[in-house]
Amino acid sequence: MARDQANRAFRSMLGRSPAMEAVIRTAQIAAATDVHILIEGETGTGKELLAQEIQSASARADQAFTIVNCAALPVELVESLLFGHEQGAFTGAHERREGYMQKAHRGTLFLDEIGELPLTIQAKLLRFIEHGECQRLGSAELDYVDVRIIAATNRNLMRLVDSGQFRQDLFYRLNIVPMQLPPLRQRKRDIAELAEYFLRQAADRNQSGTSTLTPAALDQLKKHHWPGNIRELRNVCEHVSALQPGKAIEPEDLPIALNNSKPDGSSAFQLPKEGLNMESLEIDLLKQALDYSNGNKSEAARLLGLSRDAFLYRLKKHKL
């Protein structure tokens, strides 16, 4: 049974580029063990999907796979949400509750954007990893739970370690089997297979004919820098499938940003001779970033090279 599960796993990880095949080989080996794992990679490269495939190929395949976006956890509730709390532990704690750790017992806990965890919670997570100890907020007793941690980040954790924002000991405990997912711009040979898959998916959802890419359109996709990676490619395929169902897609059918792409990924933007409206442009970029990141404001901010605070300020300024 376990062997059948392992054989079925990783089939959804499309692509045959050398960098991707190396990651999958490492993941297959790691899945057979029970060590904690750190997956690094830019936003939209498929870190959550890889974590799910590792779970599916592991001895924990029939147990819970619990997903936690660390960047979305309210700072004042992080400890309670992860480790649980006792009744009366804080204002509003009307009953005893389990945290994500207890709920993931015997399964896998996927901690996405782990670099966003506060240092105090990092210390408690390290204690759990080393000893299996899980202490509810407001309790003197310890729970012992069996959970495998798969962490993911689109940030440079070593840089965060150097700046004192991430614990070095936690980094090394998680980095036993490091995996670095390559960005799509380093996987140009995989774009045709990925695009074909996403176009089929979109057609199935919309119950329409499957759009296809002409050689010229595919060449245009390969020239694009793909700051949003696979997620951006999926959105592009959904866009053209919705507007041109069952049709052969030409370069002019692609979103305008792709038609302005340059092979080296440098900016292809040219100021129109008639000028432009900076406010409208900024609003458009903010909306695109939110679209590419599926509404994740931290990821959208990084796509635009902004801090989260600066991004939120602009959203508020434009009432988005």
# chains A, B, ... in the order shown; residues from 1 in each chain; ligands from 1

$ select_by_dssp --residues "region 25-247 of chain A" --states "strand (DSSP E)" --output "PyMOL selection string"
chain A and resi 37-40+65-69+108-112+133-134+143-144+148-153+177-180+212-213

$ write_last_selection --atoms "C-alpha atoms" --output "PDB file, in the first residue's frame"
ATOM      1  CA  ILE A  37      11.782  19.629   5.701  1.00  0.00           C
ATOM      2  CA  LEU A  38      12.365  23.184   4.512  1.00  0.00           C
ATOM      3  CA  ILE A  39      11.179  24.183   1.030  1.00  0.00           C
ATOM      4  CA  GLU A  40      12.489  27.462  -0.351  1.00  0.00           C
ATOM      5  CA  PHE A  65      -2.250  17.439   6.206  1.00  0.00           C
ATOM      6  CA  THR A  66      -2.745  20.771   7.974  1.00  0.00           C
ATOM      7  CA  ILE A  67      -1.880  24.023   6.187  1.00  0.00           C
ATOM      8  CA  VAL A  68      -0.987  27.158   8.142  1.00  0.00           C
ATOM      9  CA  ASN A  69      -0.070  30.467   6.492  1.00  0.00           C
ATOM     10  CA  THR A 108       1.942  16.684   8.675  1.00  0.00           C
ATOM     11  CA  LEU A 109       1.857  20.395   9.494  1.00  0.00           C
ATOM     12  CA  PHE A 110       2.731  22.652   6.565  1.00  0.00           C
ATOM     13  CA  LEU A 111       3.991  26.007   7.849  1.00  0.00           C
ATOM     14  CA  ASP A 112       3.957  28.354   4.869  1.00  0.00           C
ATOM     15  CA  GLU A 133       6.498  19.159  23.598  1.00  0.00           C
ATOM     16  CA  CYS A 134       3.385  21.190  22.912  1.00  0.00           C
ATOM     17  CA  ASP A 143       1.126  17.635  25.483  1.00  0.00           C
ATOM     18  CA  TYR A 144       3.261  15.308  23.400  1.00  0.00           C
ATOM     19  CA  ARG A 148       6.023  16.161  10.911  1.00  0.00           C
ATOM     20  CA  ILE A 149       6.861  19.761  10.017  1.00  0.00           C
ATOM     21  CA  ILE A 150       7.244  20.860   6.409  1.00  0.00           C
ATOM     22  CA  ALA A 151       8.117  24.548   6.356  1.00  0.00           C
ATOM     23  CA  ALA A 152       8.227  26.845   3.351  1.00  0.00           C
ATOM     24  CA  THR A 153       9.463  30.347   2.670  1.00  0.00           C
ATOM     25  CA  VAL A 177      16.674  18.225   3.851  1.00  0.00           C
ATOM     26  CA  PRO A 178      16.647  21.579   2.042  1.00  0.00           C
ATOM     27  CA  MET A 179      14.789  21.914  -1.240  1.00  0.00           C
ATOM     28  CA  GLN A 180      14.965  24.927  -3.540  1.00  0.00           C
ATOM     29  CA  THR A 212      -4.129  25.882 -27.809  1.00  0.00           C
ATOM     30  CA  LEU A 213      -0.994  27.987 -28.167  1.00  0.00           C
TER      31      LEU A 213
END

$ residues_around --residues "region 167-175 of chain A" --least-positions-apart "3" --cutoff "8 Å" --atoms "only C-alpha atoms" --output "PDB file with C-alpha atoms, in the first residue's frame"
ATOM      1  CA  HIS A  36      11.403  17.820   9.020  1.00  0.00           C
ATOM      2  CA  ILE A  37      11.782  19.629   5.701  1.00  0.00           C
ATOM      3  CA  LEU A  38      12.365  23.184   4.512  1.00  0.00           C
ATOM      4  CA  LEU A 119      10.897  35.082  17.524  1.00  0.00           C
ATOM      5  CA  GLN A 122      10.109  30.334  16.901  1.00  0.00           C
ATOM      6  CA  ALA A 123      11.584  29.369  20.307  1.00  0.00           C
ATOM      7  CA  LEU A 125       8.465  25.694  17.768  1.00  0.00           C
ATOM      8  CA  LEU A 126      12.119  24.711  18.224  1.00  0.00           C
ATOM      9  CA  ILE A 129      10.780  19.954  17.091  1.00  0.00           C
ATOM     10  CA  ALA A 151       8.117  24.548   6.356  1.00  0.00           C
ATOM     11  CA  LEU A 157      16.189  32.667   5.835  1.00  0.00           C
ATOM     12  CA  MET A 158      19.970  32.876   6.207  1.00  0.00           C
ATOM     13  CA  VAL A 161      19.287  34.766  10.628  1.00  0.00           C
ATOM     14  CA  GLY A 164      18.441  38.504  13.989  1.00  0.00           C
ATOM     15  CA  PRO A 178      16.647  21.579   2.042  1.00  0.00           C
TER      16      PRO A 178
END

$ select_by_dssp --residues "region 91-208 of chain A" --states "alpha helix (DSSP H)" --output "PDB file with C-alpha atoms, in the first residue's frame"
ATOM      1  CA  TYR A 100      -2.928  23.323  14.814  1.00  0.00           C
ATOM      2  CA  MET A 101      -0.240  21.141  16.418  1.00  0.00           C
ATOM      3  CA  GLN A 102      -2.739  18.963  18.271  1.00  0.00           C
ATOM      4  CA  LYS A 103      -5.060  18.791  15.253  1.00  0.00           C
ATOM      5  CA  LEU A 119      10.897  35.082  17.524  1.00  0.00           C
ATOM      6  CA  THR A 120       9.048  34.057  20.698  1.00  0.00           C
ATOM      7  CA  ILE A 121       7.001  31.513  18.729  1.00  0.00           C
ATOM      8  CA  GLN A 122      10.109  30.334  16.901  1.00  0.00           C
ATOM      9  CA  ALA A 123      11.584  29.369  20.307  1.00  0.00           C
ATOM     10  CA  LYS A 124       8.487  27.368  21.180  1.00  0.00           C
ATOM     11  CA  LEU A 125       8.465  25.694  17.768  1.00  0.00           C
ATOM     12  CA  LEU A 126      12.119  24.711  18.224  1.00  0.00           C
ATOM     13  CA  ARG A 127      11.253  23.143  21.578  1.00  0.00           C
ATOM     14  CA  PHE A 128       8.507  21.145  19.899  1.00  0.00           C
ATOM     15  CA  ILE A 129      10.780  19.954  17.091  1.00  0.00           C
ATOM     16  CA  GLU A 130      13.478  18.819  19.508  1.00  0.00           C
ATOM     17  CA  HIS A 131      11.286  17.220  22.190  1.00  0.00           C
ATOM     18  CA  LEU A 157      16.189  32.667   5.835  1.00  0.00           C
ATOM     19  CA  MET A 158      19.970  32.876   6.207  1.00  0.00           C
ATOM     20  CA  ARG A 159      19.708  36.617   5.634  1.00  0.00           C
ATOM     21  CA  LEU A 160      17.004  36.746   8.311  1.00  0.00           C
ATOM     22  CA  VAL A 161      19.287  34.766  10.628  1.00  0.00           C
ATOM     23  CA  ASP A 162      22.092  37.270  10.043  1.00  0.00           C
ATOM     24  CA  GLN A 168      19.742  30.074  13.678  1.00  0.00           C
ATOM     25  CA  ASP A 169      19.097  26.896  15.685  1.00  0.00           C
ATOM     26  CA  LEU A 170      15.563  26.616  14.267  1.00  0.00           C
ATOM     27  CA  PHE A 171      16.888  27.154  10.751  1.00  0.00           C
ATOM     28  CA  TYR A 172      19.325  24.251  11.067  1.00  0.00           C
ATOM     29  CA  ARG A 173      16.683  21.989  12.639  1.00  0.00           C
ATOM     30  CA  LEU A 174      14.379  22.584   9.685  1.00  0.00           C
ATOM     31  CA  ILE A 191       6.392  26.171 -20.049  1.00  0.00           C
ATOM     32  CA  ALA A 192       4.710  24.316 -22.946  1.00  0.00           C
ATOM     33  CA  GLU A 193       3.731  21.330 -20.769  1.00  0.00           C
ATOM     34  CA  LEU A 194       2.523  23.537 -17.914  1.00  0.00           C
ATOM     35  CA  ALA A 195       0.519  25.823 -20.215  1.00  0.00           C
ATOM     36  CA  GLU A 196      -1.140  22.873 -21.957  1.00  0.00           C
ATOM     37  CA  TYR A 197      -2.141  21.455 -18.576  1.00  0.00           C
ATOM     38  CA  PHE A 198      -3.575  24.758 -17.311  1.00  0.00           C
ATOM     39  CA  LEU A 199      -5.491  25.317 -20.559  1.00  0.00           C
ATOM     40  CA  ARG A 200      -7.070  21.856 -20.232  1.00  0.00           C
ATOM     41  CA  GLN A 201      -7.951  22.581 -16.603  1.00  0.00           C
ATOM     42  CA  ALA A 202      -9.577  25.896 -17.520  1.00  0.00           C
ATOM     43  CA  ALA A 203     -11.564  24.286 -20.337  1.00  0.00           C
ATOM     44  CA  ASP A 204     -12.855  21.563 -18.001  1.00  0.00           C
ATOM     45  CA  ARG A 205     -13.948  24.124 -15.411  1.00  0.00           C
ATOM     46  CA  ASN A 206     -15.660  26.313 -17.996  1.00  0.00           C
TER      47      ASN A 206
END

$ residues_around --residues "Leu218 (chain A)" --least-positions-apart "3" --cutoff "12 Å" --atoms "only C-alpha atoms" --output "MDAnalysis selection string"
chainID A and resid 188:196 212:215 221:224 233 237 248:254 258:259

$ residues_around --residues "region 275-284 of chain A" --least-positions-apart "5" --cutoff "12 Å" --atoms "only C-alpha atoms" --output "list in words"
Ala257, Phe269, Gln270, Ala289, Leu290, Asp291, Leu304, Phe311, Arg314, Leu315, Lys316, Lys317, His318, Lys319 and Leu320 of chain A

$ write_last_selection --atoms "C-alpha atoms" --output "CSV table (one decimal), in the first residue's frame"
chain,number,residue,atom,x,y,z
A,257,ALA,CA,2.3,42.6,-20.2
A,269,PHE,CA,7.9,49.5,-20.3
A,270,GLN,CA,8.1,52.6,-22.5
A,289,ALA,CA,-0.1,41.9,-7.8
A,290,LEU,CA,-3.1,40.9,-5.7
A,291,ASP,CA,-4.4,38.8,-8.6
A,304,LEU,CA,6.2,45.0,-6.3
A,311,PHE,CA,1.8,48.1,0.1
A,314,ARG,CA,-1.1,52.3,-1.1
A,315,LEU,CA,-4.2,50.0,-0.9
A,316,LYS,CA,-5.7,52.4,1.7
A,317,LYS,CA,-4.7,55.5,-0.3
A,318,HIS,CA,-6.5,54.1,-3.4
A,319,LYS,CA,-9.4,52.6,-1.3
A,320,LEU,CA,-8.7,49.1,-2.7

$ residues_around --residues "Pro18 (chain A)" --least-positions-apart "6" --cutoff "10 Å" --atoms "only C-alpha atoms" --output "JSON, numbers by chain"
{"A": [24, 186, 187, 189]}

$ write_last_selection --atoms "N, CA and C atoms" --output "short mmCIF file (atom, residue, chain, number, x, y, z; two decimals), in the first residue's frame"
data_model
loop_
_atom_site.label_atom_id
_atom_site.label_comp_id
_atom_site.auth_asym_id
_atom_site.auth_seq_id
_atom_site.Cartn_x
_atom_site.Cartn_y
_atom_site.Cartn_z
N ILE A 24 12.56 16.92 -7.35
CA ILE A 24 11.64 15.79 -7.18
C ILE A 24 12.38 14.56 -6.66
N GLN A 186 13.72 29.90 -14.97
CA GLN A 186 14.80 28.91 -15.10
C GLN A 186 14.27 27.57 -15.59
N ARG A 187 12.99 27.53 -15.95
CA ARG A 187 12.37 26.28 -16.39
C ARG A 187 11.67 26.49 -17.73
N ARG A 189 11.89 25.28 -20.60
CA ARG A 189 11.52 24.09 -21.37
C ARG A 189 10.23 23.45 -20.82
#
